[in-house]
$ cat entry.pdb   # PDB, C-alpha atoms
ATOM      1  CA  LEU A 516     117.366 114.562 103.175
ATOM      2  CA  ASP A 517     116.699 118.252 102.429
ATOM      3  CA  ASP A 518     119.704 119.254 104.523
ATOM      4  CA  GLY A 519     122.034 116.916 102.634
ATOM      5  CA  LYS A 520     122.289 114.230 105.305
ATOM      6  CA  CYS A 521     122.219 110.591 104.192
ATOM      7  CA  ILE A 522     120.853 107.879 106.487
ATOM      8  CA  SER A 523     121.924 104.371 105.488
ATOM      9  CA  ALA A 524     120.009 101.189 106.281
ATOM     10  CA  PRO A 525     120.134  97.605 104.988
ATOM     11  CA  VAL A 526     116.361  97.554 104.404
ATOM     12  CA  VAL A 527     114.014 100.487 103.806
ATOM     13  CA  LEU A 528     110.229 100.153 103.925
ATOM     14  CA  SER A 529     108.353 102.854 102.013
ATOM     15  CA  GLY A 530     104.793 103.808 102.851
ATOM     16  CA  ALA A 531     104.659 106.459 100.135
ATOM     17  CA  GLY A 532     103.156 104.179  97.485
ATOM     18  CA  ILE A 533     104.589 102.675  94.301
ATOM     19  CA  ARG A 534     104.411 105.840  92.230
ATOM     20  CA  ASN A 535     106.071 108.159  94.739
ATOM     21  CA  THR A 536     108.683 105.625  95.797
ATOM     22  CA  TYR A 537     109.994 104.602  92.400
ATOM     23  CA  LYS A 538     109.377 107.795  90.443
ATOM     24  CA  TYR A 539     110.314 110.446  92.979
ATOM     25  CA  LEU A 540     112.109 109.054  96.033
ATOM     26  CA  LEU A 541     114.583 106.818  94.196
ATOM     27  CA  ARG A 542     117.099 108.027  91.643
ATOM     28  CA  PRO A 543     117.534 106.042  88.397
ATOM     29  CA  ALA A 544     121.002 105.045  89.625
ATOM     30  CA  ASP A 545     119.395 103.394  92.665
ATOM     31  CA  LEU A 546     117.484 100.917  90.493
ATOM     32  CA  ASN A 547     119.415  97.957  89.137
ATOM     33  CA  GLU A 548     118.096  95.826  86.285
ATOM     34  CA  THR A 549     116.571  93.228  88.620
ATOM     35  CA  THR A 550     114.655  95.912  90.498
ATOM     36  CA  ARG A 551     113.435  97.511  87.267
ATOM     37  CA  GLN A 552     112.108  94.176  86.033
ATOM     38  CA  SER A 553     110.349  93.459  89.327
ATOM     39  CA  ILE A 554     108.557  96.809  89.433
ATOM     40  CA  ALA A 555     107.562  96.881  85.755
ATOM     41  CA  PRO A 556     104.256  95.001  86.374
ATOM     42  CA  LEU A 557     103.516  97.299  89.309
ATOM     43  CA  GLU A 558     104.094 100.380  87.179
ATOM     44  CA  LYS A 559     101.753  98.976  84.514
ATOM     45  CA  MET A 560      99.136  98.324  87.205
ATOM     46  CA  GLU A 561      99.515 101.874  88.506
ATOM     47  CA  GLU A 562      99.032 103.275  84.991
ATOM     48  CA  ASP A 563      95.882 101.195  84.486
ATOM     49  CA  ILE A 564      94.346 102.013  87.862
ATOM     50  CA  GLY A 565      95.488 105.616  88.150
ATOM     51  CA  VAL A 566      96.457 107.536  91.239
ATOM     52  CA  SER A 567      94.553 106.889  94.446
ATOM     53  CA  VAL A 568      92.449 109.295  96.478
ATOM     54  CA  LYS A 569      94.457 111.867  98.401
ATOM     55  CA  PHE A 570      93.784 112.985 101.952
ATOM     56  CA  ALA A 571      94.572 115.978 104.135
ATOM     57  CA  PHE A 572      95.388 115.334 107.796
ATOM     58  CA  CYS A 573      95.141 117.784 110.667
ATOM     59  CA  PHE A 574      96.680 116.660 113.972
ATOM     60  CA  PHE A 575      95.491 118.333 117.168
ATOM     61  CA  ASP A 576      97.527 118.630 120.378
ATOM     62  CA  LEU A 577      94.877 119.770 122.851
ATOM     63  CA  ASN A 578      94.904 121.204 126.353
ATOM     64  CA  GLY A 579      92.515 119.278 128.592
ATOM     65  CA  THR A 580      91.771 115.604 129.072
ATOM     66  CA  SER A 581      89.619 113.645 126.639
ATOM     67  CA  GLU A 582      86.866 113.533 129.248
ATOM     68  CA  GLU A 583      86.978 117.305 129.779
ATOM     69  CA  LEU A 584      86.864 117.975 126.045
ATOM     70  CA  GLY A 585      84.265 115.317 125.286
ATOM     71  CA  LEU A 586      86.444 113.422 122.840
ATOM     72  CA  ASN A 587      84.917 110.141 121.711
ATOM     73  CA  SER A 588      86.785 106.841 121.916
ATOM     74  CA  ARG A 589      84.896 105.705 118.814
ATOM     75  CA  ASN A 590      85.956 106.781 115.343
ATOM     76  CA  VAL A 591      83.636 109.291 113.705
ATOM     77  CA  TRP A 592      82.724 109.118 110.023
ATOM     78  CA  ASP A 593      80.749 112.122 108.819
ATOM     79  CA  LEU A 594      79.759 111.571 105.185
ATOM     80  CA  PRO A 595      77.286 114.078 103.730
ATOM     81  CA  LEU A 596      76.170 111.623 101.027
ATOM     82  CA  PRO A 597      75.385 107.892 101.334
ATOM     83  CA  SER A 598      77.768 106.778  98.580
ATOM     84  CA  ALA A 599      81.567 106.909  98.948
ATOM     85  CA  ASP A 600      81.961 107.702  95.250
ATOM     86  CA  ALA A 601      79.312 110.411  95.478
ATOM     87  CA  ASN A 602      81.080 111.986  98.451
ATOM     88  CA  LEU A 603      84.364 112.110  96.576
ATOM     89  CA  GLN A 604      82.875 113.545  93.387
ATOM     90  CA  ASP A 605      80.847 116.106  95.314
ATOM     91  CA  PHE A 606      83.942 117.171  97.194
ATOM     92  CA  LEU A 607      86.147 117.490  94.111
ATOM     93  CA  GLN A 608      83.605 119.080  91.798
ATOM     94  CA  SER A 609      81.673 121.320  94.179
ATOM     95  CA  PHE A 610      83.501 121.994  97.398
ATOM     96  CA  LEU A 611      87.081 122.429  96.256
ATOM     97  CA  GLN A 612      86.327 124.083  92.935
ATOM     98  CA  SER A 613      84.156 126.692  94.614
ATOM     99  CA  GLY A 614      86.231 127.118  97.738
ATOM    100  CA  CYS A 615      89.846 125.983  97.701
ATOM    101  CA  THR A 616      91.798 126.595  94.546
ATOM    102  CA  MET A 617      95.131 128.294  94.123
ATOM    103  CA  GLN A 618      93.341 131.530  93.254
ATOM    104  CA  THR A 619      90.441 131.502  95.709
ATOM    105  CA  CYS A 620      91.471 129.530  98.781
ATOM    106  CA  THR A 621      89.382 131.649 101.099
ATOM    107  CA  MET A 622      86.005 129.999 101.633
ATOM    108  CA  GLY A 623      85.339 129.528 105.316
ATOM    109  CA  VAL A 624      88.553 131.275 106.398
ATOM    110  CA  GLY A 625      88.132 134.463 108.375
ATOM    111  CA  GLU A 626      84.425 134.681 107.674
ATOM    112  CA  LYS A 627      82.283 136.178 110.407
ATOM    113  CA  LYS A 628      80.271 133.557 112.243
ATOM    114  CA  SER A 629      76.683 134.046 113.262
ATOM    115  CA  GLU A 630      75.917 135.089 116.841
ATOM    116  CA  GLU A 631      74.829 131.533 117.588
ATOM    117  CA  GLY A 632      78.036 130.221 116.010
ATOM    118  CA  TYR A 633      76.151 127.666 113.915
ATOM    119  CA  ASP A 634      73.709 127.959 111.086
ATOM    120  CA  GLY A 635      70.252 126.438 110.913
ATOM    121  CA  GLN A 636      71.626 123.081 109.747
ATOM    122  CA  GLY A 637      73.924 122.636 112.730
ATOM    123  CA  ARG A 638      77.044 123.707 110.862
ATOM    124  CA  ASN A 639      79.401 126.481 111.857
ATOM    125  CA  ALA A 640      78.561 129.562 109.848
ATOM    126  CA  GLY A 641      82.179 129.713 108.668
ATOM    127  CA  VAL A 642      81.806 126.295 107.041
ATOM    128  CA  GLN A 643      79.501 126.644 104.071
ATOM    129  CA  ARG A 644      79.472 122.960 103.156
ATOM    130  CA  ARG A 645      79.984 119.737 105.046
ATOM    131  CA  MET A 646      83.108 117.868 104.044
ATOM    132  CA  PRO A 647      83.531 114.086 104.190
ATOM    133  CA  ILE A 648      85.304 113.743 107.526
ATOM    134  CA  PHE A 649      87.009 111.071 109.615
ATOM    135  CA  ILE A 650      87.828 111.874 113.268
ATOM    136  CA  SER A 651      89.782 109.763 115.730
ATOM    137  CA  SER A 652      91.275 110.448 119.154
ATOM    138  CA  LEU A 653      94.220 108.406 120.394
ATOM    139  CA  SER A 654      93.978 109.897 123.866
ATOM    140  CA  ALA A 655      90.316 108.872 124.196
ATOM    141  CA  LYS A 656      91.144 105.287 123.184
ATOM    142  CA  ASP A 657      94.161 104.878 125.483
ATOM    143  CA  PRO A 658      93.330 104.560 129.218
ATOM    144  CA  SER A 659      96.962 105.333 130.134
ATOM    145  CA  TYR A 660      97.229 108.481 128.008
ATOM    146  CA  ASN A 661      96.350 110.903 130.810
ATOM    147  CA  GLU A 662      98.921 109.250 133.094
ATOM    148  CA  ARG A 663     101.652 109.727 130.516
ATOM    149  CA  PHE A 664     100.499 113.165 129.323
ATOM    150  CA  PRO A 665      98.536 114.775 132.184
ATOM    151  CA  GLY A 666      96.004 117.388 131.126
ATOM    152  CA  LYS A 667      96.595 116.793 127.406
ATOM    153  CA  SER A 668      94.748 115.009 124.614
ATOM    154  CA  ALA A 669      95.155 114.347 120.919
ATOM    155  CA  ALA A 670      92.953 113.960 117.870
ATOM    156  CA  VAL A 671      93.237 113.735 114.106
ATOM    157  CA  VAL A 672      90.761 114.893 111.452
ATOM    158  CA  ILE A 673      91.040 113.639 107.874
ATOM    159  CA  THR A 674      89.296 114.671 104.677
ATOM    160  CA  TYR A 675      89.782 114.398 100.925
ATOM    161  CA  SER A 676      92.363 116.537  99.164
ATOM    162  CA  ARG A 677      93.824 117.013  95.689
ATOM    163  CA  THR A 678      97.422 116.615  94.543
ATOM    164  CA  GLU A 679      97.061 119.443  92.051
ATOM    165  CA  ASP A 680      96.398 121.924  94.845
ATOM    166  CA  PHE A 681      99.971 121.348  96.037
ATOM    167  CA  ASP A 682     101.806 120.659  92.773
ATOM    168  CA  LYS A 683     103.027 124.259  92.656
ATOM    169  CA  TRP A 684     105.329 123.585  95.602
ATOM    170  CA  SER A 685     106.325 119.980  94.819
ATOM    171  CA  ASP A 686     109.890 120.983  93.873
ATOM    172  CA  MET A 687     110.412 123.177  96.946
ATOM    173  CA  ASN A 688     112.022 121.988 100.145
ATOM    174  CA  HIS A 689     110.224 122.339 103.463
ATOM    175  CA  ARG A 690     111.800 125.679 104.361
ATOM    176  CA  ALA A 691     110.900 127.264 101.029
ATOM    177  CA  ARG A 692     107.286 126.088 101.290
ATOM    178  CA  ARG A 693     106.951 127.578 104.759
ATOM    179  CA  LYS A 694     107.887 130.994 103.337
ATOM    180  CA  SER A 695     105.165 130.863 100.673
ATOM    181  CA  SER A 696     102.124 132.912 101.704
ATOM    182  CA  THR A 697      99.908 131.074  99.199
ATOM    183  CA  TYR A 698     101.022 127.682 100.478
ATOM    184  CA  ASN A 699     100.337 128.770 104.039
ATOM    185  CA  SER A 700      96.898 130.059 103.052
ATOM    186  CA  VAL A 701      96.002 126.612 101.657
ATOM    187  CA  LYS A 702      97.178 124.966 104.879
ATOM    188  CA  GLU A 703      95.239 127.518 106.932
ATOM    189  CA  TYR A 704      92.127 126.829 104.882
ATOM    190  CA  TYR A 705      92.272 123.123 105.679
ATOM    191  CA  ARG A 706      93.219 123.764 109.313
ATOM    192  CA  GLU A 707      90.286 126.055 109.985
ATOM    193  CA  ILE A 708      87.705 123.934 108.207
ATOM    194  CA  LEU A 709      88.872 120.721 109.880
ATOM    195  CA  THR A 710      88.982 122.456 113.261
ATOM    196  CA  GLU A 711      85.382 123.556 112.815
ATOM    197  CA  HIS A 712      84.351 119.985 112.051
ATOM    198  CA  LEU A 713      86.153 118.724 115.152
ATOM    199  CA  HIS A 714      84.254 121.262 117.255
ATOM    200  CA  ARG A 715      80.967 120.240 115.648
ATOM    201  CA  HIS A 716      81.479 116.653 116.798
TER     202      HIS A 716
END

$ encode --input "entry.pdb" --output "structure tokens"
Amino acid sequence: LDDGKCISAPVVLSGAGIRNTYKYLLRPADLNETTRQSIAPLEKMEEDIGVSVKFAFCFFDLNGTSEELGLNSRNVWDLPLPSADANLQDFLQSFLQSGCTMQTCTMGVGEKKSEEGYDGQGRNAGVQRRMPIFISSLSAKDPSYNERFPGKSAAVVITYSRTEDFDKWSDMNHRARRKSSTYNSVKEYYREILTEHLHRH
């Protein structure tokens, strides 16, 4: 771990993917010859297919019950375009390049909203473009949630992201990243945009 602690276990299940697990989480000394031979076909497959789509998650711990806040028990998919591939390409080529890069991660953050709060297309004035969005609320799905956590609710909003927008801090530990104003501005950008989309739904 970042603090130097080592947690031992007879079996470890990794949900980080083949590439991250074998190239970044494990040291060369951790891989014996049998393991190297078994993962060789997987590495070849990863090279042929390429890296998968990346996502940004924003978890919300909310004051108020799901009923009070109007959270939906159904998952919400908000896709601006009818094709999944078109949504991804539009997001990468148009939205991120014009709004969230290492140099200009400011679009939609701190912008003055209209008096009505939303523009003529039903979007918050601080959000200039709709992002492909997935929204889910655990508290709205679980009938016992309010009994266990009175007056609270939870939701998650997910959208596309890009690895290259975070590569600058890949070698930093968690504490060092938290001190980076640029890193925090990228996180704030995603937080505000995803919050606006949660409010819109």

$ resolve_selection --input "entry.pdb" --expression "the PyMOL selection byres ((chain A and resi 698-700) around 9)" --output "count of residues only"
17

$ closest_residue --input "entry.pdb" --among "A:His689, A:Leu584, A:Tyr675, A:Cys521" --to "Phe572 of chain A" --atoms "only C-alpha atoms"
A:Tyr675

$ closest_residue --input "entry.pdb" --among "A:Lys569, A:Lys559, A:Arg589, A:His712" --to "Ala531 of chain A" --atoms "all atoms listed in the file"
A:Lys569

$ closest_residue --input "entry.pdb" --among "A:Leu546, A:Asp517, A:Leu653, A:Met560" --to "Met687 of chain A" --atoms "all atoms listed in the file"
A:Asp517

$ closest_residue --input "entry.pdb" --among "A:Asp518, A:Ile533, A:Ser581, A:Met646" --to "Pro556 of chain A" --atoms "all atoms listed in the file"
A:Ile533

$ resolve_selection --input "entry.pdb" --expression "the PyMOL selection byres ((chain A and resi 674) around 12)" --output "PyMOL selection string"
chain A and resi 568-573+591-594+602-603+606-607+610-611+645-650+671-673+675-677+705-706+708-710+712-713

$ closest_residue --input "entry.pdb" --among "A:Ser659, A:Ser685, A:Thr536, A:Ser652" --to "Leu577 of chain A" --atoms "all atoms listed in the file"
A:Ser652

$ atom_distance --input "entry.pdb" --atom1 "atom CA of Leu586 of chain A" --atom2 "atom CA of Ala655 of chain A"
6.1 Å

$ closest_residue --input "entry.pdb" --among "A:Ala601, A:Ala669, A:Ile522, A:Ala555" --to "Asn578 of chain A" --atoms "only C-alpha atoms"
A:Ala669

$ axis_aligned_box --input "entry.pdb" --around "segment 573-583 of chain A" --padding-each-side "3 Å" --output "JSON"
{"center_x": 92.2, "center_y": 117.4, "center_z": 120.2, "size_x": 16.7, "size_y": 13.7, "size_z": 25.1}

$ resolve_selection --input "entry.pdb" --expression "the PyMOL selection byres ((chain A and resi 580) around 8)" --output "list in words"
Asn578, Gly579, Ser581, Glu582, Glu583, Leu584, Asn661, Pro665, Gly666, Lys667 and Ser668 of chain A

$ write_last_selection --input "entry.pdb" --atoms "C-alpha atoms" --output "mmCIF file, in the frame of the given file"
data_model
loop_
_atom_site.group_PDB
_atom_site.id
_atom_site.type_symbol
_atom_site.label_atom_id
_atom_site.label_comp_id
_atom_site.auth_asym_id
_atom_site.auth_seq_id
_atom_site.Cartn_x
_atom_site.Cartn_y
_atom_site.Cartn_z
ATOM 1 C CA ASN A 578 94.904 121.204 126.353
ATOM 2 C CA GLY A 579 92.515 119.278 128.592
ATOM 3 C CA SER A 581 89.619 113.645 126.639
ATOM 4 C CA GLU A 582 86.866 113.533 129.248
ATOM 5 C CA GLU A 583 86.978 117.305 129.779
ATOM 6 C CA LEU A 584 86.864 117.975 126.045
ATOM 7 C CA ASN A 661 96.350 110.903 130.810
ATOM 8 C CA PRO A 665 98.536 114.775 132.184
ATOM 9 C CA GLY A 666 96.004 117.388 131.126
ATOM 10 C CA LYS A 667 96.595 116.793 127.406
ATOM 11 C CA SER A 668 94.748 115.009 124.614
#

$ atom_distance --input "entry.pdb" --atom1 "atom CA of Arg551 of chain A" --atom2 "atom CA of Ser567 of chain A"
22.3 Å

$ atom_distance --input "entry.pdb" --atom1 "atom CA of Phe575 of chain A" --atom2 "atom CA of Pro595 of chain A"
23.0 Å

$ decode --input "entry.pdb" --residues "segment 661-705 of chain A" --atoms "N, CA and C atoms" --output "mmCIF file, in the first residue's frame"
data_model
loop_
_atom_site.group_PDB
_atom_site.id
_atom_site.type_symbol
_atom_site.label_atom_id
_atom_site.label_comp_id
_atom_site.auth_asym_id
_atom_site.auth_seq_id
_atom_site.Cartn_x
_atom_site.Cartn_y
_atom_site.Cartn_z
ATOM 1 N N ASN A 661 -33.891 3.290 4.193
ATOM 2 C CA ASN A 661 -34.259 4.369 5.099
ATOM 3 C C ASN A 661 -34.304 3.910 6.551
ATOM 4 N N GLU A 662 -34.560 2.616 6.779
ATOM 5 C CA GLU A 662 -34.539 2.083 8.141
ATOM 6 C C GLU A 662 -33.109 2.028 8.670
ATOM 7 N N ARG A 663 -32.188 1.680 7.794
ATOM 8 C CA ARG A 663 -30.790 1.560 8.207
ATOM 9 C C ARG A 663 -30.067 2.901 8.234
ATOM 10 N N PHE A 664 -30.483 3.810 7.322
ATOM 11 C CA PHE A 664 -29.857 5.132 7.239
ATOM 12 C C PHE A 664 -30.963 6.194 7.165
ATOM 13 N N PRO A 665 -31.604 6.473 8.288
ATOM 14 C CA PRO A 665 -32.751 7.401 8.291
ATOM 15 C C PRO A 665 -32.376 8.789 7.745
ATOM 16 N N GLY A 666 -33.245 9.298 6.873
ATOM 17 C CA GLY A 666 -33.049 10.636 6.340
ATOM 18 C C GLY A 666 -31.888 10.791 5.383
ATOM 19 N N LYS A 667 -31.352 9.674 4.879
ATOM 20 C CA LYS A 667 -30.222 9.727 3.948
ATOM 21 C C LYS A 667 -30.558 8.965 2.678
ATOM 22 N N SER A 668 -29.840 9.252 1.612
ATOM 23 C CA SER A 668 -29.982 8.506 0.365
ATOM 24 C C SER A 668 -28.659 8.547 -0.387
ATOM 25 N N ALA A 669 -28.567 7.714 -1.410
ATOM 26 C CA ALA A 669 -27.312 7.593 -2.145
ATOM 27 C C ALA A 669 -27.587 7.426 -3.627
ATOM 28 N N ALA A 670 -26.666 7.932 -4.426
ATOM 29 C CA ALA A 670 -26.775 7.798 -5.881
ATOM 30 C C ALA A 670 -25.377 7.808 -6.487
ATOM 31 N N VAL A 671 -25.281 7.293 -7.699
ATOM 32 C CA VAL A 671 -24.028 7.335 -8.439
ATOM 33 C C VAL A 671 -24.325 7.798 -9.856
ATOM 34 N N VAL A 672 -23.442 8.633 -10.400
ATOM 35 C CA VAL A 672 -23.554 9.106 -11.778
ATOM 36 C C VAL A 672 -22.254 8.756 -12.488
ATOM 37 N N ILE A 673 -22.364 8.158 -13.663
ATOM 38 C CA ILE A 673 -21.203 7.679 -14.404
ATOM 39 C C ILE A 673 -21.204 8.261 -15.805
ATOM 40 N N THR A 674 -20.027 8.636 -16.288
ATOM 41 C CA THR A 674 -19.891 9.075 -17.668
ATOM 42 C C THR A 674 -18.543 8.621 -18.210
ATOM 43 N N TYR A 675 -18.302 8.854 -19.488
ATOM 44 C CA TYR A 675 -17.029 8.504 -20.090
ATOM 45 C C TYR A 675 -15.911 9.380 -19.516
ATOM 46 N N SER A 676 -14.692 8.867 -19.619
ATOM 47 C CA SER A 676 -13.523 9.637 -19.220
ATOM 48 C C SER A 676 -12.362 9.232 -20.120
ATOM 49 N N ARG A 677 -11.185 9.800 -19.850
ATOM 50 C CA ARG A 677 -10.005 9.478 -20.647
ATOM 51 C C ARG A 677 -8.816 9.254 -19.719
ATOM 52 N N THR A 678 -8.071 8.185 -19.950
ATOM 53 C CA THR A 678 -6.892 7.911 -19.141
ATOM 54 C C THR A 678 -5.879 9.035 -19.239
ATOM 55 N N GLU A 679 -5.713 9.595 -20.437
ATOM 56 C CA GLU A 679 -4.680 10.600 -20.630
ATOM 57 C C GLU A 679 -4.919 11.862 -19.826
ATOM 58 N N ASP A 680 -6.165 12.103 -19.404
ATOM 59 C CA ASP A 680 -6.430 13.278 -18.590
ATOM 60 C C ASP A 680 -5.905 13.121 -17.169
ATOM 61 N N PHE A 681 -5.499 11.893 -16.806
ATOM 62 C CA PHE A 681 -5.003 11.648 -15.455
ATOM 63 C C PHE A 681 -3.595 11.060 -15.444
ATOM 64 N N ASP A 682 -3.014 10.873 -16.627
ATOM 65 C CA ASP A 682 -1.679 10.276 -16.705
ATOM 66 C C ASP A 682 -0.628 11.101 -15.967
ATOM 67 N N LYS A 683 -0.820 12.398 -15.914
ATOM 68 C CA LYS A 683 0.145 13.294 -15.281
ATOM 69 C C LYS A 683 0.390 12.923 -13.829
ATOM 70 N N TRP A 684 -0.635 12.353 -13.183
ATOM 71 C CA TRP A 684 -0.525 12.049 -11.756
ATOM 72 C C TRP A 684 -0.444 10.545 -11.494
ATOM 73 N N SER A 685 -0.201 9.742 -12.507
ATOM 74 C CA SER A 685 -0.235 8.284 -12.344
ATOM 75 C C SER A 685 0.855 7.780 -11.405
ATOM 76 N N ASP A 686 1.981 8.503 -11.305
ATOM 77 C CA ASP A 686 3.076 8.063 -10.448
ATOM 78 C C ASP A 686 3.008 8.661 -9.048
ATOM 79 N N MET A 687 1.996 9.483 -8.785
ATOM 80 C CA MET A 687 1.856 10.106 -7.469
ATOM 81 C C MET A 687 1.006 9.237 -6.551
ATOM 82 N N ASN A 688 1.293 9.279 -5.268
ATOM 83 C CA ASN A 688 0.413 8.604 -4.323
ATOM 84 C C ASN A 688 -0.806 9.492 -4.052
ATOM 85 N N HIS A 689 -1.741 8.947 -3.286
ATOM 86 C CA HIS A 689 -3.010 9.646 -3.075
ATOM 87 C C HIS A 689 -2.808 11.005 -2.413
ATOM 88 N N ARG A 690 -1.932 11.085 -1.450
ATOM 89 C CA ARG A 690 -1.719 12.348 -0.734
ATOM 90 C C ARG A 690 -1.147 13.419 -1.647
ATOM 91 N N ALA A 691 -0.208 13.024 -2.506
ATOM 92 C CA ALA A 691 0.396 13.995 -3.426
ATOM 93 C C ALA A 691 -0.621 14.504 -4.432
ATOM 94 N N ARG A 692 -1.495 13.609 -4.924
ATOM 95 C CA ARG A 692 -2.517 14.039 -5.880
ATOM 96 C C ARG A 692 -3.474 15.042 -5.243
ATOM 97 N N ARG A 693 -3.822 14.816 -4.001
ATOM 98 C CA ARG A 693 -4.769 15.703 -3.326
ATOM 99 C C ARG A 693 -4.221 17.115 -3.180
ATOM 100 N N LYS A 694 -2.897 17.269 -3.206
ATOM 101 C CA LYS A 694 -2.277 18.582 -3.066
ATOM 102 C C LYS A 694 -2.151 19.307 -4.401
ATOM 103 N N SER A 695 -2.432 18.612 -5.497
ATOM 104 C CA SER A 695 -2.292 19.210 -6.825
ATOM 105 C C SER A 695 -3.539 20.017 -7.178
ATOM 106 N N SER A 696 -3.382 21.312 -7.392
ATOM 107 C CA SER A 696 -4.528 22.159 -7.724
ATOM 108 C C SER A 696 -5.111 21.797 -9.087
ATOM 109 N N THR A 697 -4.254 21.400 -10.042
ATOM 110 C CA THR A 697 -4.749 21.016 -11.358
ATOM 111 C C THR A 697 -5.541 19.723 -11.286
ATOM 112 N N TYR A 698 -5.043 18.764 -10.529
ATOM 113 C CA TYR A 698 -5.757 17.503 -10.346
ATOM 114 C C TYR A 698 -7.118 17.757 -9.707
ATOM 115 N N ASN A 699 -7.145 18.598 -8.696
ATOM 116 C CA ASN A 699 -8.412 18.901 -8.037
ATOM 117 C C ASN A 699 -9.372 19.645 -8.950
ATOM 118 N N SER A 700 -8.835 20.456 -9.872
ATOM 119 C CA SER A 700 -9.709 21.172 -10.798
ATOM 120 C C SER A 700 -10.366 20.204 -11.780
ATOM 121 N N VAL A 701 -9.646 19.147 -12.181
ATOM 122 C CA VAL A 701 -10.226 18.132 -13.060
ATOM 123 C C VAL A 701 -11.337 17.390 -12.321
ATOM 124 N N LYS A 702 -11.075 17.011 -11.081
ATOM 125 C CA LYS A 702 -12.094 16.335 -10.276
ATOM 126 C C LYS A 702 -13.311 17.243 -10.075
ATOM 127 N N GLU A 703 -13.067 18.520 -9.823
ATOM 128 C CA GLU A 703 -14.170 19.455 -9.608
ATOM 129 C C GLU A 703 -14.995 19.624 -10.873
ATOM 130 N N TYR A 704 -14.314 19.610 -12.010
ATOM 131 C CA TYR A 704 -15.016 19.704 -13.293
ATOM 132 C C TYR A 704 -16.010 18.565 -13.441
ATOM 133 N N TYR A 705 -15.530 17.333 -13.238
ATOM 134 C CA TYR A 705 -16.420 16.180 -13.336
ATOM 135 C C TYR A 705 -17.516 16.236 -12.276
#
